[in-house]
Amino acid sequence: MPNDDLSGAWTPTPRDNHSSRGRLERVLRSGRFAVTAELNPPDSANPQDVYDRALVLAQVCDAINATDASGANVHMSSVGISALLARAGYACVMQVSCRDRNRIAIQGDILGAAAMGVSNLLCLTGDGVQVGDQPDAKPVFDLDSISLLATVRRMRDDGEFLSGRKITTPPEMFLGAAANPFAPPYDFRPVRLAKKITAGAQFIQTNYCFDLPRLGEYMARVREMGLHEKCFILVGVGPLASARAARWIRSNVPGIHIPDPVITRLEGAEDQKAEGKRICVELIQQIREMDGIAGVHIMAYRQEELVASIVEESGILAARRLTAQAGAPRTGRGRHLGD
Amino acid sequence: MYFVRRWSVRHAGKLSRVYRVFEALLFLSTPLLKLTGFSRLERPTRFIERGAKGLLFDCRMCGQCALTRTGLSCPMNCPKEMRNGPCGGVRPDGNCEVKPGMRCVWVEAWRGAARMGDLETIAGIEPPVDHRLWGRSSWLAVARERTEKKQAGDAKR
């Protein structure tokens with residue numbers, strides 16, 4: 001059953017304690033296990049490319065993440081993708097990275113995005129330019145993820161820019177941040193999460209999780225500090241296409257930790273792609289059982305077509321259907337579903 | 001210098017105690033500094049500060065020193081100039097995502113803070129950098145801020 005017990009942990013915000021009109025916030029606050037998924041941004045100026053990719057995700061997730069030149073590679077901008085998605089009625093999470101724009105540009109983009117109907121924001125520092133396709137670019141990093149969170153919260157709650165100048169209609173944003181429990185210094189990570197919450201983070205999407213024991217240790221500390229009651233934590237997962245791809249990702253993409261047993265398991269499989277998907281489904285099921293986790297964030301790089309069946313096989317939405325039925329008016333003899 | 005920088009973090013406990021003494025002396029001499037004029041002192045102080053902190057911490061003279069709050073590991077040596085903790089890209093060996101040969105300044109900061117026996121301050125939130133202050137002396141800024149606070153306090157009384 002939906003429950004609103006979590007609302008007590010929040011500072012007052014407009015509209016029944018909600019800070020956005022968005023679906024993601026409603027789902028999370030209702031206590032349902034949320035699903036978000038990442039859309040691979042097109043290298044094109046055609047809106048249809050965005051819609052084609054969104055269509056396969058929208059059926060199975062509560063919000064679609066629009067990445068902001070992730071991995072420092074140029075693609076269609078997150079503002080553009082988010083505006084297209086919002087216009088088509090999809091819920092989206094607009095990612096904002098501090099790598100490419102200074103505080104003046106970012107604050108303006110946030111107002112523009114809110115005006116276009118974007119209601120969720122993921123505040124990121126961003127990968128270094130050296131990993132991308134244009135390592136000769138100037139890295140900006142005027143703000144970092146935490147000062148970005150504080151900036152947007154100030155814009156929303158106090159209705160002013162960093163300069164103190166007033167905003168006539170503040171942006172109603174549900175604020176998110178990233179966390180990486182899988183990178184050192186491990187005992188600093190929960191402290192950093194606490195900082196992000198203090199700065200304004202209401203939901204968290206973590207990096208790819210392939211190491212459950214490490215996540216377990218992190219979550220134990222997070223629960224000890226009571227942080228899981230102050231924000232919604234969505235754990236990042238994704239299917240690995242093959243052992244070779246996994247090795248490449250591990251050594252070339254910053255911040256992704258893939259333990260050896262996962263790669264060995266992929267290598268031993270007859271169909272590596274199917275095995276990658278199976279690992280992902282199993283991870284989701286195990287993550288769901290962990291205390292203090294509010295959902296999963298699926299990042300299927302260039303394998304978006306797999307997302308729907310991953311969600312289906314993991315059974316996380318089936319549980320939600322049962323909840324929906326249990327909440328619906330009973331017919332017949334009014335038997336419980338478990339009867 | 002990288003090796004000296006790492007030495008400084010290893011000795012963060014002792015060095016921070018030395019700084020406290022220096023800071024106390026700085027505060028004691030603020031009336032004198034004020035009399036001489038802060039703006040007149042800016043250039044020579046900047047020269048000494050750049051030399052000393054450059055040697056010990058690879059200081060970049062951001063003009064708003066955070067060293068005592070970051071375990072004596074200068075956050076401006078982070079290629080992303082992050083002032084609020086490590087990014088998610090830190091390598092498994094604790095080295096930097098951007099410069100694989102360099103220890104992450106925040107891995108160092110966490111250790112330095114532990115050596116200083118203070119893991120509370122590092123959990124505080126740093127505001128964005130004021131880019132107008134690059135190249136200016138933090139020491140004088142600290143002294144000046146203290147004088148202004150004191151004046152404000154006196155005015156209230």
# chains A, B, ... in the order shown; residues from 1 in each chain; ligands from 1
>>> closest_atom_pairs(of="chain B", to="chain A", cutoff="7 Å", atoms="only C-alpha atoms", output="JSON lines")
{"residue": "B:Lys80", "atom": "CA", "partner": "A:Phe141", "partner_atom": "CA", "distance": 5.7}
{"residue": "B:Glu81", "atom": "CA", "partner": "A:Phe141", "partner_atom": "CA", "distance": 6.8}
{"residue": "B:Met82", "atom": "CA", "partner": "A:Asp144", "partner_atom": "CA", "distance": 5.9}
{"residue": "B:Asn84", "atom": "CA", "partner": "A:Ile146", "partner_atom": "CA", "distance": 6.7}
{"residue": "B:Gly85", "atom": "CA", "partner": "A:Arg192", "partner_atom": "CA", "distance": 6.5}
{"residue": "B:Gly88", "atom": "CA", "partner": "A:Asn180", "partner_atom": "CA", "distance": 5.2}
{"residue": "B:Gly89", "atom": "CA", "partner": "A:Gly255", "partner_atom": "CA", "distance": 4.0}
{"residue": "B:Val90", "atom": "CA", "partner": "A:Ala183", "partner_atom": "CA", "distance": 5.7}
{"residue": "B:Arg91", "atom": "CA", "partner": "A:Ala183", "partner_atom": "CA", "distance": 6.6}
{"residue": "B:Pro92", "atom": "CA", "partner": "A:Ala183", "partner_atom": "CA", "distance": 6.2}
{"residue": "B:Gly94", "atom": "CA", "partner": "A:Pro184", "partner_atom": "CA", "distance": 5.9}
{"residue": "B:Glu97", "atom": "CA", "partner": "A:Pro254", "partner_atom": "CA", "distance": 6.2}
{"residue": "B:Val98", "atom": "CA", "partner": "A:Gly128", "partner_atom": "CA", "distance": 6.1}
{"residue": "B:Val107", "atom": "CA", "partner": "A:Pro185", "partner_atom": "CA", "distance": 5.6}
{"residue": "B:Ala123", "atom": "CA", "partner": "A:Val191", "partner_atom": "CA", "distance": 6.4}
{"residue": "B:Ile125", "atom": "CA", "partner": "A:Lys195", "partner_atom": "CA", "distance": 6.7}
{"residue": "B:Pro127", "atom": "CA", "partner": "A:Ser147", "partner_atom": "CA", "distance": 6.1}
{"residue": "B:Pro128", "atom": "CA", "partner": "A:Leu143", "partner_atom": "CA", "distance": 5.7}
>>> residues_around(residues="range 279-293 of chain A", least_positions_apart="3", cutoff="6 Å", atoms="only C-alpha atoms", output="JSON list (two decimals) with all heavy atoms, in the first residue's frame")
[["chain", "number", "residue", "atom", "x", "y", "z"],
["A", 228, "HIS", "N", 19.10, 7.49, 4.67],
["A", 228, "HIS", "CA", 18.08, 6.90, 3.79],
["A", 228, "HIS", "C", 16.69, 7.46, 4.09],
["A", 228, "HIS", "O", 15.78, 7.32, 3.28],
["A", 228, "HIS", "CB", 18.07, 5.37, 3.92],
["A", 228, "HIS", "CG", 17.69, 4.90, 5.30],
["A", 228, "HIS", "ND1", 18.36, 5.28, 6.42],
["A", 228, "HIS", "CD2", 16.68, 4.10, 5.72],
["A", 228, "HIS", "CE1", 17.80, 4.72, 7.49],
["A", 228, "HIS", "NE2", 16.77, 4.00, 7.09],
["A", 233, "ILE", "N", 17.09, 6.81, -2.37],
["A", 233, "ILE", "CA", 18.29, 6.30, -3.04],
["A", 233, "ILE", "C", 17.91, 5.30, -4.13],
["A", 233, "ILE", "O", 17.28, 4.27, -3.86],
["A", 233, "ILE", "CB", 19.24, 5.65, -2.01],
["A", 233, "ILE", "CG1", 19.67, 6.69, -0.98],
["A", 233, "ILE", "CG2", 20.47, 5.05, -2.71],
["A", 233, "ILE", "CD1", 20.46, 6.16, 0.18],
["A", 238, "GLY", "N", 22.92, -1.96, -14.83],
["A", 238, "GLY", "CA", 22.90, -1.99, -16.29],
["A", 238, "GLY", "C", 23.44, -3.31, -16.79],
["A", 238, "GLY", "O", 24.23, -3.96, -16.10],
["A", 239, "PRO", "N", 22.98, -3.72, -17.98],
["A", 239, "PRO", "CA", 23.47, -4.98, -18.55],
["A", 239, "PRO", "C", 24.83, -4.78, -19.23],
["A", 239, "PRO", "O", 25.04, -3.79, -19.91],
["A", 239, "PRO", "CB", 22.40, -5.31, -19.58],
["A", 239, "PRO", "CG", 21.86, -3.98, -20.02],
["A", 239, "PRO", "CD", 22.00, -3.06, -18.84],
["A", 276, "GLY", "N", 24.79, -11.21, -19.43],
["A", 276, "GLY", "CA", 24.90, -9.83, -18.92],
["A", 276, "GLY", "C", 23.55, -9.34, -18.44],
["A", 276, "GLY", "O", 23.43, -8.69, -17.40],
["A", 310, "ILE", "N", 14.23, -6.39, -18.92],
["A", 310, "ILE", "CA", 14.95, -6.45, -17.64],
["A", 310, "ILE", "C", 13.99, -6.13, -16.50],
["A", 310, "ILE", "O", 13.91, -6.85, -15.49],
["A", 310, "ILE", "CB", 16.15, -5.47, -17.62],
["A", 310, "ILE", "CG1", 17.28, -6.00, -18.52],
["A", 310, "ILE", "CG2", 16.67, -5.26, -16.21],
["A", 310, "ILE", "CD1", 18.43, -5.03, -18.73],
["A", 314, "SER", "N", 12.68, -8.85, -13.74],
["A", 314, "SER", "CA", 13.05, -8.64, -12.33],
["A", 314, "SER", "C", 11.82, -8.64, -11.43],
["A", 314, "SER", "O", 11.92, -8.81, -10.22],
["A", 314, "SER", "CB", 13.79, -7.32, -12.18],
["A", 314, "SER", "OG", 12.90, -6.25, -12.41]]
>>> residues_around(residues="Lys14 in chain B", least_positions_apart="2", cutoff="12 Å", atoms="only C-alpha atoms", output="PyMOL selection string")
chain B and resi 7-12+16-21+71-72+112-113+115-117
>>> write_last_selection(atoms="C-alpha atoms", output="compact mmCIF listing (two decimals), in the first residue's frame")
# COMPACT_ATOMS: atom_id res chain seq x y z
CA TRP B 7 54.67 15.01 3.04
CA SER B 8 52.60 17.95 4.26
CA VAL B 9 49.44 15.85 4.36
CA ARG B 10 51.28 13.08 6.20
CA HIS B 11 52.26 15.67 8.79
CA ALA B 12 48.91 17.47 8.76
CA SER B 16 48.03 22.49 11.46
CA ARG B 17 49.22 23.15 15.03
CA VAL B 18 52.00 25.32 13.62
CA TYR B 19 49.41 27.19 11.56
CA ARG B 20 47.24 27.80 14.64
CA VAL B 21 50.22 29.51 16.32
CA GLY B 71 43.17 18.12 5.78
CA LEU B 72 45.93 20.39 4.39
CA GLY B 112 44.99 14.63 6.43
CA ALA B 113 41.74 15.43 8.25
CA ARG B 115 45.64 13.13 11.14
CA MET B 116 44.36 16.50 12.31
CA GLY B 117 41.85 14.56 14.42
>>> residues_around(residues="Glu267 in chain A", least_positions_apart="2", cutoff="12 Å", atoms="only C-alpha atoms", output="PyMOL selection string")
chain A and resi 240-247+260-265+269-276
>>> closest_residue(among="A:Gly200, A:Pro259, A:Pro135, A:Gly226", to="Asp157 in chain A", atoms="only C-alpha atoms")
A:Gly200
>>> residues_around(residues="range 27-33 of chain B", least_positions_apart="3", cutoff="10 Å", atoms="only C-alpha atoms", output="list in words")
Val21, Phe22, Glu23, Ala24, Thr36, Gly37, Phe38, Ser39, Arg40, Leu41, Leu140, Val142, Ala143, Arg144, Arg146 and Thr147 of chain B
